[in-house]
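Data first, discussion second: the structure below is written as structure tokens.
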Amino acid sequence: MDRNILLKAYAAIGARTPMFTDCGALCGAVCCRADEDGQGGVHLFPGESAMLRNCDWVDAVKPGSFAPIMTCIGSCEREKRPLGCRIFPLTPVRGRSGRWTVRLDARARAMCPLVGSGIGGLDPEFVRAVRDALRIIAEDPEGEAFLEKWLRLEEEYRKPLW
């Protein structure tokens with residue numbers, strides 16, 4: 001994906017976060033590092049691996065089911081963090097109109113205390129900005145394909161266990 005598309009999506013979100021304060025203080029930044037078994041991390045959007053090559057806060061980039069997965073050391077240069085971090089705890093979904101929108105990520109239930117308040121508990125400007133950023137990504141054919149793969153993976157987490 002074109003680097004300029006990524007930068008445009010980053011700019012759409014800007015410095016907005018799910019809350020007006022540092023939400024990492026609520027959970028100990030659990031979403032910012034791998035667990036004891038080395039699991040976790042964030043899927044990188046197409047082209048992001050190259051953008052993170054010289055970031056000393058990147059712990060590892062490993063192959064994932066459909067995209068590389070990055071873990072960090074627990075803190076980062078916030079202006080350089082990947083889109084998966086910027087949009088958390090939201091995830092892309094197709095709305096009734098067929099356009100990309102957002103919902104709470106099913107995977108966030110296990111780690112993010114913000115999920116309990118629902119999407120209405122998040123800063124509405126953050127929600128709007130993430131939706132706008134995902135629509136920018138979808139303008140690129142590679143970005144659109146990536147969002148489709150992300151959505152299919154996230155829907156697997158929504159299926160009942162039995």
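Each chain of the structure tokens is named A, B, ... in the order shown, its residues numbered from 1; ligands are numbered from 1 in display order.
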May I have the residues within 10 Å of Phe146 (chain A) as a VMD selection string, using only C-alpha atoms and disregarding those fewer than 5 positions away in the same chain?
chain A and resid 1 44 to 46 66 to 67 137 to 138 140 to 141 151 to 152
Output C-alpha atoms of each residue in that selection to a file, as a short mmCIF file (atom, residue, chain, number, x, y, z; two decimals), in the first residue's frame.
```
data_model
loop_
_atom_site.label_atom_id
_atom_site.label_comp_id
_atom_site.auth_asym_id
_atom_site.auth_seq_id
_atom_site.Cartn_x
_atom_site.Cartn_y
_atom_site.Cartn_z
CA MET A 1 0.00 0.00 0.00
CA LEU A 44 0.52 -4.40 10.65
CA PHE A 45 -1.24 -2.79 7.73
CA PRO A 46 0.44 -3.20 4.33
CA PHE A 66 -2.70 -12.72 7.09
CA ALA A 67 -0.23 -9.96 8.01
CA ILE A 137 -7.30 2.85 3.84
CA ALA A 138 -10.19 1.32 1.86
CA ASP A 140 -6.46 1.70 -1.83
CA PRO A 141 -7.21 -1.77 -3.31
CA LEU A 151 -12.82 -8.39 9.41
CA ARG A 152 -12.90 -12.14 8.70
#
```
Go through A:Cys23, A:Leu147, A:Leu104, A:Trp162 and flag the residue nearest Ala133 (chain A), using only C-alpha atoms for the distances.
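Of A:Cys23, A:Leu147, A:Leu104, A:Trp162, the one nearest Ala133 (chain A), counting only C-alpha atoms, is A:Leu147.
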Per DSSP on the backbone, what are the strand (DSSP E) residues of chain A, as a list in words?
Val42, His43, Val58, Asp59, Ala60, Val61, Lys62, Ile69, Met70, Thr71, Cys72, Leu90, Thr91, Pro92, Val93, Arg94, Trp100, Thr101, Val102, Arg103 and Leu104 of chain A
With N, CA and C atoms retained, could you export that selection as a tab-separated table (two decimals), in the first residue's frame?
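Resulting contents of selection31.tsv:
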```
chain	number	residue	atom	x	y	z
A	42	VAL	N	0.02	-6.64	17.42
A	42	VAL	CA	-0.92	-5.98	16.53
A	42	VAL	C	-0.57	-6.31	15.08
A	43	HIS	N	-1.60	-6.57	14.28
A	43	HIS	CA	-1.38	-6.80	12.86
A	43	HIS	C	-0.95	-5.49	12.21
A	58	VAL	N	10.28	-1.29	18.97
A	58	VAL	CA	9.67	-2.50	18.40
A	58	VAL	C	10.43	-3.70	18.95
A	59	ASP	N	9.71	-4.60	19.60
A	59	ASP	CA	10.32	-5.80	20.17
A	59	ASP	C	10.52	-6.86	19.09
A	60	ALA	N	9.45	-7.14	18.33
A	60	ALA	CA	9.53	-8.17	17.30
A	60	ALA	C	8.45	-7.95	16.25
A	61	VAL	N	8.72	-8.42	15.05
A	61	VAL	CA	7.73	-8.49	13.99
A	61	VAL	C	7.76	-9.94	13.51
A	62	LYS	N	6.61	-10.63	13.68
A	62	LYS	CA	6.52	-12.05	13.35
A	62	LYS	C	5.45	-12.26	12.29
A	69	ILE	N	2.74	-9.49	12.54
A	69	ILE	CA	2.28	-9.06	13.86
A	69	ILE	C	3.47	-8.46	14.59
A	70	MET	N	3.27	-7.26	15.13
A	70	MET	CA	4.33	-6.54	15.84
A	70	MET	C	4.03	-6.52	17.33
A	71	THR	N	5.08	-6.71	18.12
A	71	THR	CA	4.99	-6.45	19.55
A	71	THR	C	6.00	-5.37	19.87
A	72	CYS	N	5.72	-4.63	20.91
A	72	CYS	CA	6.66	-3.58	21.32
A	72	CYS	C	7.09	-3.82	22.76
A	90	LEU	N	-11.15	-0.46	18.74
A	90	LEU	CA	-12.11	-0.56	17.65
A	90	LEU	C	-11.58	-1.48	16.56
A	91	THR	N	-12.48	-1.92	15.71
A	91	THR	CA	-12.13	-2.79	14.60
A	91	THR	C	-12.99	-2.43	13.40
A	92	PRO	N	-12.50	-2.64	12.20
A	92	PRO	CA	-13.29	-2.31	11.01
A	92	PRO	C	-14.44	-3.30	10.80
A	93	VAL	N	-15.54	-2.78	10.30
A	93	VAL	CA	-16.71	-3.59	9.96
A	93	VAL	C	-17.45	-2.87	8.83
A	94	ARG	N	-18.11	-3.63	8.00
A	94	ARG	CA	-18.95	-3.04	6.95
A	94	ARG	C	-20.29	-2.66	7.57
A	100	TRP	N	-17.23	1.24	5.14
A	100	TRP	CA	-16.51	0.83	6.34
A	100	TRP	C	-16.87	1.72	7.51
A	101	THR	N	-17.08	1.10	8.64
A	101	THR	CA	-17.33	1.79	9.89
A	101	THR	C	-16.59	1.02	10.98
A	102	VAL	N	-16.96	1.22	12.23
A	102	VAL	CA	-16.23	0.57	13.32
A	102	VAL	C	-17.20	-0.03	14.34
A	103	ARG	N	-16.67	-0.96	15.09
A	103	ARG	CA	-17.34	-1.52	16.26
A	103	ARG	C	-16.24	-1.89	17.24
A	104	LEU	N	-16.63	-2.28	18.45
A	104	LEU	CA	-15.64	-2.73	19.43
A	104	LEU	C	-15.06	-4.07	18.97
```
Residues near Glu77 (chain A), cut-off 8 Å, only C-alpha atoms, skip fewer than 3 positions along chain, as a list in words
Trp57, Lys80 and Arg81 of chain A
Dump C-alpha atoms for the selected residues as a tab-separated table (two decimals), in the first residue's frame?
```
chain	number	residue	atom	x	y	z
A	57	TRP	CA	10.75	0.28	20.77
A	80	LYS	CA	5.00	6.49	14.98
A	81	ARG	CA	2.79	3.69	16.30
```
When you look at Leu114 (chain A) with a cut-off of 12 Å (counting only C-alpha atoms), what residues show up, excluding the ones that are within fewer than 3 positions of it in the same chain? I need them as a PDB file with C-alpha atoms, in the first residue's frame.
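To be explicit, this is the file written out as out_7.pdb:
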```
ATOM      1  CA  THR A  17      -7.246   8.322  21.772  1.00  0.00           C
ATOM      2  CA  PRO A  18     -10.249   6.386  23.109  1.00  0.00           C
ATOM      3  CA  MET A  19     -10.347   8.559  26.231  1.00  0.00           C
ATOM      4  CA  ASP A  22      -4.161   7.867  29.016  1.00  0.00           C
ATOM      5  CA  CYS A  23      -6.240   4.683  28.890  1.00  0.00           C
ATOM      6  CA  GLY A  24      -3.044   2.619  29.310  1.00  0.00           C
ATOM      7  CA  ALA A  25      -3.024   3.729  32.943  1.00  0.00           C
ATOM      8  CA  LEU A  26      -6.250   1.720  33.498  1.00  0.00           C
ATOM      9  CA  CYS A  27      -4.888  -1.609  32.316  1.00  0.00           C
ATOM     10  CA  PHE A  88      -7.692  -0.118  19.376  1.00  0.00           C
ATOM     11  CA  PRO A  89     -10.174  -1.101  20.884  1.00  0.00           C
ATOM     12  CA  LEU A  90     -12.113  -0.562  17.649  1.00  0.00           C
ATOM     13  CA  LEU A 104     -15.640  -2.733  19.427  1.00  0.00           C
ATOM     14  CA  ASP A 105     -13.074  -5.425  18.714  1.00  0.00           C
ATOM     15  CA  ALA A 108     -10.426  -6.403  23.280  1.00  0.00           C
ATOM     16  CA  ARG A 109     -12.904  -7.973  25.729  1.00  0.00           C
ATOM     17  CA  ALA A 110     -10.119  -9.948  27.373  1.00  0.00           C
ATOM     18  CA  MET A 111      -7.839  -7.001  28.051  1.00  0.00           C
ATOM     19  CA  SER A 117     -18.783   0.921  28.628  1.00  0.00           C
ATOM     20  CA  GLY A 118     -19.521   0.112  25.007  1.00  0.00           C
ATOM     21  CA  ILE A 119     -18.613   2.236  22.022  1.00  0.00           C
ATOM     22  CA  GLY A 120     -20.595   5.094  23.592  1.00  0.00           C
ATOM     23  CA  GLY A 121     -18.028   5.190  26.399  1.00  0.00           C
ATOM     24  CA  LEU A 122     -15.268   6.182  23.977  1.00  0.00           C
ATOM     25  CA  ASP A 123     -14.495   9.727  22.885  1.00  0.00           C
TER      26      ASP A 123
END
```
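Residues in contact with Gly47 (chain A) at up to 7 Å, not including ones fewer than 3 positions away on its chain and judged by only C-alpha atoms, are Met1, Arg3, Ala50 and Met51 of chain A.
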Backbone-only DSSP, helix (DSSP H, G or I) members of region 16-65 of chain A, as a short mmCIF file (atom, residue, chain, number, x, y, z; two decimals) with N, CA and C atoms, in the first residue's frame:
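Output file result.cif is given in full below:
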```
data_model
loop_
_atom_site.label_atom_id
_atom_site.label_comp_id
_atom_site.auth_asym_id
_atom_site.auth_seq_id
_atom_site.Cartn_x
_atom_site.Cartn_y
_atom_site.Cartn_z
N GLY A 24 -4.03 3.62 28.90
CA GLY A 24 -3.04 2.62 29.31
C GLY A 24 -2.84 2.59 30.82
N ALA A 25 -3.16 3.69 31.49
CA ALA A 25 -3.02 3.73 32.94
C ALA A 25 -4.07 2.82 33.62
N LEU A 26 -5.20 2.57 32.94
CA LEU A 26 -6.25 1.72 33.50
C LEU A 26 -5.87 0.24 33.50
N CYS A 27 -5.17 -0.18 32.47
CA CYS A 27 -4.89 -1.61 32.32
C CYS A 27 -3.40 -1.94 32.41
N VAL A 30 -1.63 -3.12 28.85
CA VAL A 30 -1.61 -4.53 28.49
C VAL A 30 -1.65 -4.74 26.98
N CYS A 31 -2.26 -3.82 26.25
CA CYS A 31 -2.34 -3.97 24.80
C CYS A 31 -1.03 -3.60 24.11
N CYS A 32 -0.07 -3.12 24.86
CA CYS A 32 1.19 -2.63 24.28
C CYS A 32 2.33 -3.63 24.32
N GLU A 48 3.46 -1.00 6.65
CA GLU A 48 3.89 -0.50 7.96
C GLU A 48 5.19 -1.13 8.43
N SER A 49 5.46 -2.36 8.06
CA SER A 49 6.73 -2.99 8.50
C SER A 49 7.91 -2.12 8.12
N ALA A 50 7.92 -1.62 6.91
CA ALA A 50 9.03 -0.78 6.44
C ALA A 50 9.11 0.52 7.25
N MET A 51 7.97 1.05 7.65
CA MET A 51 7.95 2.30 8.38
C MET A 51 8.45 2.14 9.82
#
```
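Each of A:Glu144, A:Arg135, A:Ser97, A:Tyr157 was compared to Lys8 (chain A) using only C-alpha atoms, and A:Arg135 turns out to be the nearest.
Taking CA of Arg131 (chain A) and CA of Gly143 (chain A) as endpoints, the distance between them is 13.9 Å.
Residues with any atom within 9 Å of Arg16 (chain A), counting only C-alpha atoms and excluding same-chain neighbours fewer than 6 positions away, are Arg86, Asp123, Glu125, Phe126 and Ala129 of chain A.
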Save the residues we just selected, C-alpha atoms, as a PDB file, in the first residue's frame?
```
ATOM      1  CA  ARG A  86      -4.096   3.744  16.914  1.00  0.00           C
ATOM      2  CA  ASP A 123     -14.495   9.727  22.885  1.00  0.00           C
ATOM      3  CA  GLU A 125     -14.176  12.260  18.065  1.00  0.00           C
ATOM      4  CA  PHE A 126     -11.870   9.242  18.340  1.00  0.00           C
ATOM      5  CA  ALA A 129     -11.519   9.694  13.322  1.00  0.00           C
TER       6      ALA A 129
END
```
